[in-house]
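Pasting my_file-v4.cif here (mmCIF, N, CA, C and O atoms):
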```cif
data_start
loop_
_atom_site.label_atom_id
_atom_site.label_comp_id
_atom_site.auth_asym_id
_atom_site.auth_seq_id
_atom_site.Cartn_x
_atom_site.Cartn_y
_atom_site.Cartn_z
N MET A 1165 0.85 -1.17 0.00
CA MET A 1165 0.00 0.00 0.00
C MET A 1165 0.89 1.22 0.00
O MET A 1165 1.91 1.25 0.65
N GLY A 1166 0.47 2.26 -0.71
CA GLY A 1166 1.24 3.49 -0.74
C GLY A 1166 1.11 4.25 0.56
O GLY A 1166 0.30 3.93 1.41
N HIS A 1167 1.92 5.29 0.70
CA HIS A 1167 1.90 6.07 1.93
C HIS A 1167 1.31 7.44 1.64
O HIS A 1167 1.69 8.09 0.68
N HIS A 1168 0.37 7.86 2.46
CA HIS A 1168 -0.28 9.15 2.29
C HIS A 1168 -0.20 9.90 3.60
O HIS A 1168 -0.35 9.32 4.67
N SER A 1169 0.00 11.20 3.53
CA SER A 1169 0.08 11.99 4.75
C SER A 1169 -1.10 12.93 4.87
O SER A 1169 -1.03 13.91 5.58
N SER A 1170 -2.19 12.66 4.18
CA SER A 1170 -3.34 13.54 4.17
C SER A 1170 -4.17 13.46 5.44
O SER A 1170 -5.02 14.30 5.66
N MET A 1171 -3.93 12.47 6.29
CA MET A 1171 -4.69 12.33 7.51
C MET A 1171 -3.74 12.00 8.65
O MET A 1171 -3.13 10.95 8.66
N PRO A 1172 -3.62 12.92 9.62
CA PRO A 1172 -2.77 12.58 10.77
C PRO A 1172 -3.43 11.48 11.59
O PRO A 1172 -4.61 11.57 11.92
N ALA A 1173 -2.68 10.45 11.89
CA ALA A 1173 -3.23 9.33 12.65
C ALA A 1173 -2.50 9.22 13.98
O ALA A 1173 -1.28 9.28 14.03
N GLY A 1174 -3.28 9.07 15.05
CA GLY A 1174 -2.70 8.83 16.35
C GLY A 1174 -2.26 7.40 16.47
O GLY A 1174 -1.34 7.06 17.20
N MET A 1175 -2.93 6.52 15.73
CA MET A 1175 -2.58 5.10 15.70
C MET A 1175 -2.98 4.55 14.34
O MET A 1175 -4.05 4.86 13.84
N LEU A 1176 -2.12 3.75 13.77
CA LEU A 1176 -2.41 3.10 12.49
C LEU A 1176 -1.90 1.68 12.56
O LEU A 1176 -0.72 1.45 12.81
N VAL A 1177 -2.81 0.72 12.37
CA VAL A 1177 -2.44 -0.69 12.34
C VAL A 1177 -2.93 -1.25 11.01
O VAL A 1177 -4.10 -1.11 10.67
N ILE A 1178 -2.01 -1.85 10.27
CA ILE A 1178 -2.36 -2.44 8.97
C ILE A 1178 -1.98 -3.91 9.01
O ILE A 1178 -0.83 -4.25 9.27
N GLU A 1179 -2.96 -4.76 8.75
CA GLU A 1179 -2.72 -6.21 8.73
C GLU A 1179 -3.03 -6.74 7.33
O GLU A 1179 -4.15 -6.60 6.84
N ASP A 1180 -2.04 -7.32 6.68
CA ASP A 1180 -2.21 -7.91 5.36
C ASP A 1180 -2.89 -9.26 5.53
O ASP A 1180 -2.32 -10.18 6.11
N GLN A 1181 -4.11 -9.38 5.04
CA GLN A 1181 -4.86 -10.63 5.13
C GLN A 1181 -4.99 -11.31 3.77
O GLN A 1181 -5.81 -12.20 3.59
N SER A 1182 -4.16 -10.90 2.83
CA SER A 1182 -4.25 -11.41 1.46
C SER A 1182 -4.13 -12.92 1.37
O SER A 1182 -4.84 -13.55 0.58
N SER A 1183 -3.27 -13.51 2.16
CA SER A 1183 -3.06 -14.95 2.07
C SER A 1183 -4.33 -15.73 2.43
O SER A 1183 -4.52 -16.85 1.97
N GLN A 1184 -5.21 -15.12 3.21
CA GLN A 1184 -6.47 -15.77 3.58
C GLN A 1184 -7.48 -15.75 2.43
O GLN A 1184 -8.52 -16.37 2.51
N HIS A 1185 -7.13 -15.02 1.36
CA HIS A 1185 -8.05 -14.86 0.23
C HIS A 1185 -7.39 -15.29 -1.09
O HIS A 1185 -7.75 -14.81 -2.15
N SER A 1186 -6.45 -16.19 -1.01
CA SER A 1186 -5.68 -16.58 -2.20
C SER A 1186 -6.53 -17.21 -3.29
O SER A 1186 -6.13 -17.25 -4.44
N HIS A 1187 -7.73 -17.67 -2.95
CA HIS A 1187 -8.62 -18.27 -3.95
C HIS A 1187 -9.44 -17.24 -4.72
O HIS A 1187 -10.08 -17.57 -5.70
N HIS A 1188 -9.40 -15.97 -4.30
CA HIS A 1188 -10.18 -14.93 -4.99
C HIS A 1188 -9.56 -14.59 -6.35
O HIS A 1188 -8.34 -14.63 -6.51
N ALA A 1189 -10.41 -14.23 -7.28
CA ALA A 1189 -9.95 -13.91 -8.64
C ALA A 1189 -8.90 -12.81 -8.65
O ALA A 1189 -7.93 -12.89 -9.42
N ALA A 1190 -9.05 -11.80 -7.80
CA ALA A 1190 -8.08 -10.69 -7.79
C ALA A 1190 -6.69 -11.18 -7.42
O ALA A 1190 -5.69 -10.62 -7.86
N MET A 1191 -6.59 -12.24 -6.64
CA MET A 1191 -5.30 -12.79 -6.24
C MET A 1191 -4.69 -13.64 -7.34
O MET A 1191 -3.49 -13.85 -7.36
N MET A 1192 -5.52 -14.13 -8.25
CA MET A 1192 -5.03 -15.05 -9.28
C MET A 1192 -4.68 -14.37 -10.58
O MET A 1192 -4.21 -15.02 -11.50
N VAL A 1193 -4.90 -13.06 -10.67
CA VAL A 1193 -4.60 -12.34 -11.91
C VAL A 1193 -3.09 -12.19 -12.03
O VAL A 1193 -2.46 -11.48 -11.26
N ALA A 1194 -2.52 -12.89 -12.98
CA ALA A 1194 -1.06 -12.85 -13.17
C ALA A 1194 -0.69 -11.68 -14.06
O ALA A 1194 -1.35 -11.41 -15.05
N GLY A 1195 0.36 -10.99 -13.69
CA GLY A 1195 0.88 -9.92 -14.53
C GLY A 1195 0.09 -8.64 -14.49
O GLY A 1195 0.32 -7.76 -15.32
N LYS A 1196 -0.84 -8.48 -13.57
CA LYS A 1196 -1.60 -7.23 -13.50
C LYS A 1196 -0.65 -6.10 -13.13
O LYS A 1196 0.13 -6.21 -12.20
N ALA A 1197 -0.73 -4.99 -13.86
CA ALA A 1197 0.15 -3.86 -13.63
C ALA A 1197 0.07 -3.40 -12.18
O ALA A 1197 -1.01 -3.16 -11.66
N GLY A 1198 1.22 -3.32 -11.54
CA GLY A 1198 1.27 -2.84 -10.16
C GLY A 1198 0.85 -3.85 -9.12
O GLY A 1198 0.86 -3.58 -7.94
N SER A 1199 0.44 -5.04 -9.55
CA SER A 1199 -0.04 -6.03 -8.60
C SER A 1199 1.10 -6.60 -7.78
O SER A 1199 2.12 -7.00 -8.30
N THR A 1200 0.91 -6.62 -6.45
CA THR A 1200 1.91 -7.16 -5.56
C THR A 1200 1.40 -8.43 -4.89
O THR A 1200 2.12 -9.04 -4.11
N GLY A 1201 0.14 -8.80 -5.17
CA GLY A 1201 -0.46 -9.92 -4.49
C GLY A 1201 -1.05 -9.51 -3.15
O GLY A 1201 -1.65 -10.30 -2.46
N GLU A 1202 -0.88 -8.26 -2.77
CA GLU A 1202 -1.44 -7.73 -1.54
C GLU A 1202 -2.76 -7.06 -1.88
O GLU A 1202 -2.81 -5.96 -2.41
N THR A 1203 -3.86 -7.76 -1.59
CA THR A 1203 -5.17 -7.29 -2.03
C THR A 1203 -6.18 -7.10 -0.92
O THR A 1203 -7.19 -6.45 -1.11
N HIS A 1204 -5.96 -7.71 0.24
CA HIS A 1204 -6.92 -7.66 1.34
C HIS A 1204 -6.23 -7.20 2.62
O HIS A 1204 -5.24 -7.81 3.04
N PHE A 1205 -6.77 -6.16 3.24
CA PHE A 1205 -6.16 -5.61 4.45
C PHE A 1205 -7.21 -5.31 5.51
O PHE A 1205 -8.34 -4.95 5.20
N ARG A 1206 -6.78 -5.46 6.76
CA ARG A 1206 -7.55 -4.98 7.91
C ARG A 1206 -6.80 -3.76 8.40
O ARG A 1206 -5.58 -3.82 8.62
N VAL A 1207 -7.52 -2.64 8.53
CA VAL A 1207 -6.88 -1.38 8.90
C VAL A 1207 -7.61 -0.78 10.10
O VAL A 1207 -8.83 -0.64 10.08
N GLU A 1208 -6.83 -0.45 11.12
CA GLU A 1208 -7.35 0.28 12.28
C GLU A 1208 -6.71 1.65 12.26
O GLU A 1208 -5.49 1.77 12.17
N VAL A 1209 -7.54 2.69 12.35
CA VAL A 1209 -7.03 4.06 12.36
C VAL A 1209 -7.68 4.81 13.52
O VAL A 1209 -8.92 4.82 13.65
N VAL A 1210 -6.86 5.44 14.33
CA VAL A 1210 -7.35 6.34 15.37
C VAL A 1210 -6.85 7.73 14.97
O VAL A 1210 -5.65 7.93 14.79
N SER A 1211 -7.78 8.66 14.81
CA SER A 1211 -7.40 9.99 14.34
C SER A 1211 -8.35 11.06 14.86
O SER A 1211 -9.56 10.85 14.91
N GLU A 1212 -7.77 12.20 15.19
CA GLU A 1212 -8.56 13.38 15.55
C GLU A 1212 -9.43 13.81 14.36
O GLU A 1212 -10.49 14.41 14.56
N ALA A 1213 -8.97 13.51 13.16
CA ALA A 1213 -9.70 13.93 11.95
C ALA A 1213 -11.09 13.31 11.87
O ALA A 1213 -11.95 13.82 11.15
N PHE A 1214 -11.34 12.22 12.60
CA PHE A 1214 -12.65 11.56 12.57
C PHE A 1214 -13.67 12.25 13.47
O PHE A 1214 -14.86 11.93 13.41
N ARG A 1215 -13.23 13.18 14.29
CA ARG A 1215 -14.14 13.87 15.20
C ARG A 1215 -15.26 14.55 14.41
O ARG A 1215 -15.01 15.27 13.46
N GLY A 1216 -16.50 14.25 14.76
CA GLY A 1216 -17.65 14.85 14.09
C GLY A 1216 -18.09 14.11 12.83
O GLY A 1216 -19.08 14.48 12.22
N MET A 1217 -17.36 13.07 12.44
CA MET A 1217 -17.72 12.28 11.25
C MET A 1217 -18.45 11.02 11.67
O MET A 1217 -18.10 10.39 12.66
N GLY A 1218 -19.44 10.62 10.88
CA GLY A 1218 -20.09 9.34 11.07
C GLY A 1218 -19.20 8.24 10.50
O GLY A 1218 -18.20 8.51 9.82
N LEU A 1219 -19.57 6.99 10.74
CA LEU A 1219 -18.77 5.86 10.28
C LEU A 1219 -18.63 5.81 8.76
O LEU A 1219 -17.55 5.53 8.24
N VAL A 1220 -19.72 6.09 8.05
CA VAL A 1220 -19.66 6.05 6.58
C VAL A 1220 -18.73 7.13 6.05
O VAL A 1220 -17.93 6.88 5.15
N ALA A 1221 -18.80 8.32 6.62
CA ALA A 1221 -17.91 9.41 6.18
C ALA A 1221 -16.45 9.06 6.45
O ALA A 1221 -15.57 9.36 5.64
N ARG A 1222 -16.18 8.42 7.58
CA ARG A 1222 -14.81 8.00 7.89
C ARG A 1222 -14.31 7.00 6.86
O ARG A 1222 -13.18 7.11 6.37
N GLN A 1223 -15.15 6.02 6.53
CA GLN A 1223 -14.76 5.02 5.55
C GLN A 1223 -14.55 5.63 4.18
O GLN A 1223 -13.59 5.30 3.49
N ARG A 1224 -15.43 6.54 3.79
CA ARG A 1224 -15.26 7.22 2.50
C ARG A 1224 -13.94 7.97 2.46
O ARG A 1224 -13.24 7.99 1.44
N ASN A 1225 -13.59 8.61 3.56
CA ASN A 1225 -12.35 9.35 3.65
C ASN A 1225 -11.16 8.43 3.42
O ASN A 1225 -10.25 8.74 2.64
N ILE A 1226 -11.14 7.27 4.07
CA ILE A 1226 -10.06 6.30 3.91
C ILE A 1226 -10.02 5.79 2.47
O ILE A 1226 -8.95 5.70 1.86
N TYR A 1227 -11.18 5.46 1.92
CA TYR A 1227 -11.22 4.95 0.54
C TYR A 1227 -10.70 5.99 -0.44
O TYR A 1227 -10.00 5.65 -1.41
N GLN A 1228 -11.01 7.27 -0.22
CA GLN A 1228 -10.50 8.32 -1.10
C GLN A 1228 -8.98 8.41 -1.02
O GLN A 1228 -8.30 8.58 -2.02
N LEU A 1229 -8.44 8.28 0.19
CA LEU A 1229 -6.99 8.32 0.37
C LEU A 1229 -6.29 7.16 -0.35
O LEU A 1229 -5.15 7.28 -0.77
N LEU A 1230 -7.00 6.04 -0.48
CA LEU A 1230 -6.41 4.83 -1.08
C LEU A 1230 -6.87 4.58 -2.51
O LEU A 1230 -6.70 3.47 -3.03
N GLU A 1231 -7.42 5.59 -3.15
CA GLU A 1231 -7.95 5.42 -4.51
C GLU A 1231 -6.92 4.83 -5.47
O GLU A 1231 -7.21 3.91 -6.23
N GLU A 1232 -5.70 5.31 -5.42
CA GLU A 1232 -4.64 4.82 -6.32
C GLU A 1232 -4.34 3.34 -6.05
O GLU A 1232 -4.14 2.56 -6.99
N GLU A 1233 -4.34 2.95 -4.78
CA GLU A 1233 -4.08 1.56 -4.44
C GLU A 1233 -5.18 0.64 -4.95
O GLU A 1233 -4.92 -0.47 -5.40
N PHE A 1234 -6.44 1.10 -4.91
CA PHE A 1234 -7.54 0.31 -5.46
C PHE A 1234 -7.37 0.14 -6.96
O PHE A 1234 -7.64 -0.93 -7.50
N GLN A 1235 -6.91 1.17 -7.64
CA GLN A 1235 -6.68 1.07 -9.09
C GLN A 1235 -5.54 0.11 -9.41
O GLN A 1235 -5.50 -0.46 -10.50
N GLN A 1236 -4.63 -0.10 -8.46
CA GLN A 1236 -3.48 -0.97 -8.69
C GLN A 1236 -3.67 -2.39 -8.15
O GLN A 1236 -2.73 -3.16 -8.14
N GLY A 1237 -4.86 -2.72 -7.67
CA GLY A 1237 -5.12 -4.10 -7.28
C GLY A 1237 -5.62 -4.32 -5.87
O GLY A 1237 -5.99 -5.43 -5.54
N LEU A 1238 -5.61 -3.28 -5.02
CA LEU A 1238 -6.20 -3.43 -3.70
C LEU A 1238 -7.66 -3.81 -3.90
O LEU A 1238 -8.37 -3.19 -4.68
N HIS A 1239 -8.10 -4.86 -3.23
CA HIS A 1239 -9.42 -5.42 -3.49
C HIS A 1239 -10.40 -5.19 -2.35
O HIS A 1239 -11.57 -4.92 -2.58
N ALA A 1240 -9.93 -5.28 -1.10
CA ALA A 1240 -10.86 -5.20 0.02
C ALA A 1240 -10.18 -4.67 1.27
O ALA A 1240 -9.02 -4.96 1.54
N LEU A 1241 -10.94 -3.87 2.03
CA LEU A 1241 -10.49 -3.36 3.31
C LEU A 1241 -11.51 -3.68 4.38
O LEU A 1241 -12.71 -3.57 4.15
N SER A 1242 -11.03 -4.05 5.52
CA SER A 1242 -11.86 -4.14 6.72
C SER A 1242 -11.40 -2.98 7.59
O SER A 1242 -10.24 -2.94 8.01
N LEU A 1243 -12.26 -2.00 7.81
CA LEU A 1243 -11.86 -0.77 8.49
C LEU A 1243 -12.42 -0.68 9.90
O LEU A 1243 -13.58 -1.00 10.14
N ASP A 1244 -11.59 -0.21 10.81
CA ASP A 1244 -11.99 0.13 12.17
C ASP A 1244 -11.47 1.54 12.41
O ASP A 1244 -10.26 1.74 12.53
N THR A 1245 -12.37 2.52 12.42
CA THR A 1245 -11.98 3.91 12.52
C THR A 1245 -12.55 4.51 13.80
O THR A 1245 -13.73 4.38 14.08
N LYS A 1246 -11.68 5.17 14.57
CA LYS A 1246 -12.10 5.74 15.84
C LYS A 1246 -11.43 7.07 16.10
O LYS A 1246 -10.32 7.33 15.62
N THR A 1247 -12.08 7.90 16.90
CA THR A 1247 -11.43 9.08 17.46
C THR A 1247 -10.60 8.61 18.64
O THR A 1247 -10.79 7.49 19.14
N PRO A 1248 -9.68 9.42 19.14
CA PRO A 1248 -8.90 9.00 20.32
C PRO A 1248 -9.79 8.66 21.52
O PRO A 1248 -9.51 7.69 22.24
N GLU A 1249 -10.86 9.39 21.72
CA GLU A 1249 -11.77 9.12 22.83
C GLU A 1249 -12.48 7.78 22.66
O GLU A 1249 -12.64 7.02 23.62
N GLU A 1250 -12.93 7.48 21.45
CA GLU A 1250 -13.58 6.20 21.17
C GLU A 1250 -12.61 5.04 21.40
O GLU A 1250 -12.99 4.01 21.94
N ALA A 1251 -11.37 5.22 20.98
CA ALA A 1251 -10.36 4.17 21.17
C ALA A 1251 -10.08 3.95 22.65
O ALA A 1251 -9.99 2.80 23.11
N ALA A 1252 -9.99 5.03 23.43
CA ALA A 1252 -9.75 4.91 24.87
C ALA A 1252 -10.91 4.22 25.55
O ALA A 1252 -10.72 3.36 26.42
N SER A 1253 -12.11 4.58 25.15
CA SER A 1253 -13.31 3.97 25.72
C SER A 1253 -13.38 2.48 25.39
O SER A 1253 -13.72 1.66 26.23
N ALA A 1254 -13.04 2.13 24.16
CA ALA A 1254 -13.08 0.72 23.74
C ALA A 1254 -12.02 -0.10 24.47
O ALA A 1254 -12.29 -1.24 24.87
N SER A 1255 -10.85 0.46 24.69
CA SER A 1255 -9.80 -0.30 25.37
C SER A 1255 -10.08 -0.43 26.86
O SER A 1255 -9.73 -1.44 27.47
N SER A 1256 -10.77 0.54 27.45
CA SER A 1256 -11.10 0.41 28.89
C SER A 1256 -12.28 -0.53 29.11
O SER A 1256 -12.45 -1.07 30.19
N ALA A 1257 -13.07 -0.77 28.06
CA ALA A 1257 -14.22 -1.69 28.17
C ALA A 1257 -13.78 -3.14 28.05
O ALA A 1257 -14.56 -4.03 28.33
N ARG A 1258 -12.55 -3.38 27.60
CA ARG A 1258 -12.07 -4.76 27.42
C ARG A 1258 -11.72 -5.41 28.71
O ARG A 1258 -11.30 -5.01 29.65
#
```

Could the structure of this file be written out as structure tokens, please?
Amino acid sequence: MGHHSSMPAGMLVIEDQSSQHSHHAAMMVAGKAGSTGETHFRVEVVSEAFRGMGLVARQRNIYQLLEEEFQQGLHALSLDTKTPEEAASASSAR
């Protein structure tokens, strides 16, 4: 995945789950321009930028930042987006 600095993140966790999806057509396309075989990711982002945004707006924001990666073969994202307060609340509830 490319690197973008358009959103300051307090925490960013990226997990490549592509190997779990090796049977998908996107993984089997040989010679696709820019294809690295990395097509499925789980991404956790904690950012002040999410303050005041609903979940759909947060996801749209991430998808816009990764538009080039989707054009180059990124196939699927599992997103977990939180403000710092939401992340603190979630970790204290565990």

- Message: Please compute the atom C of Gly1174 of chain A-atom O of Thr1247 of chain A distance, one decimal, in Å.
- Response: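 About the pair atom C of Gly1174 of chain A and atom O of Thr1247 of chain A: they are 8.9 Å apart.
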
- Using all atoms listed in the file, pick whichever of A:Ala1252, A:Ala1221, A:Leu1241, A:Val1210 has the shortest atom-to-atom distance to Met1175 of chain A.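 Smallest distance to Met1175 of chain A is found for A:Val1210.
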
- Task: Starting from the displayed file, determine the output of the PyMOL selection byres (((chain A and resi 1213-1217 and name CA) around 10) and name CA) and express the residue list as a list in words.
- Result: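 With the shown file as input, the PyMOL selection byres (((chain A and resi 1213-1217 and name CA) around 10) and name CA) matches Met1171, Pro1172, Ala1173, Gly1174, Val1209, Val1210, Ser1211, Glu1212, Gly1218, Leu1219, Val1220, Ala1221, Arg1222, Gln1223, Asn1225, Thr1245, Lys1246, Thr1247, Pro1248, Glu1249 and Glu1250 of chain A.
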
- Message: Restricting the calculation to all atoms listed in the file: of A:Gln1236, A:Leu1230, A:Ser1242, A:Ser1182, which residue gets closest to Arg1206 of chain A?
- Response: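 Between A:Gln1236, A:Leu1230, A:Ser1242, A:Ser1182, the residue approaching Arg1206 of chain A most closely is A:Ser1242.
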
- Message: Using Å and a single decimal, report how far atom CA of Val1207 of chain A sits from atom CA of Ala1251 of chain A.
- Response: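 Taking atom CA of Ala1251 of chain A and atom CA of Val1207 of chain A, their separation equals 13.9 Å.
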
- Among A:Leu1176, A:Glu1233, A:His1239, A:Tyr1227, Phe1205 of chain A is approached most closely, using only C-alpha atoms, by A:His1239

- Find the distance between atom C of Gly1237 of chain A and atom C of Thr1203 of chain A and write it in Å to one decimal.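 Those two atoms sit 5.7 Å apart.
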
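Distances to Glu1179 of chain A were evaluated for A:Leu1243, A:Glu1208, A:Leu1238, A:Glu1232 using all atoms listed in the file, and the minimum falls at A:Glu1208.
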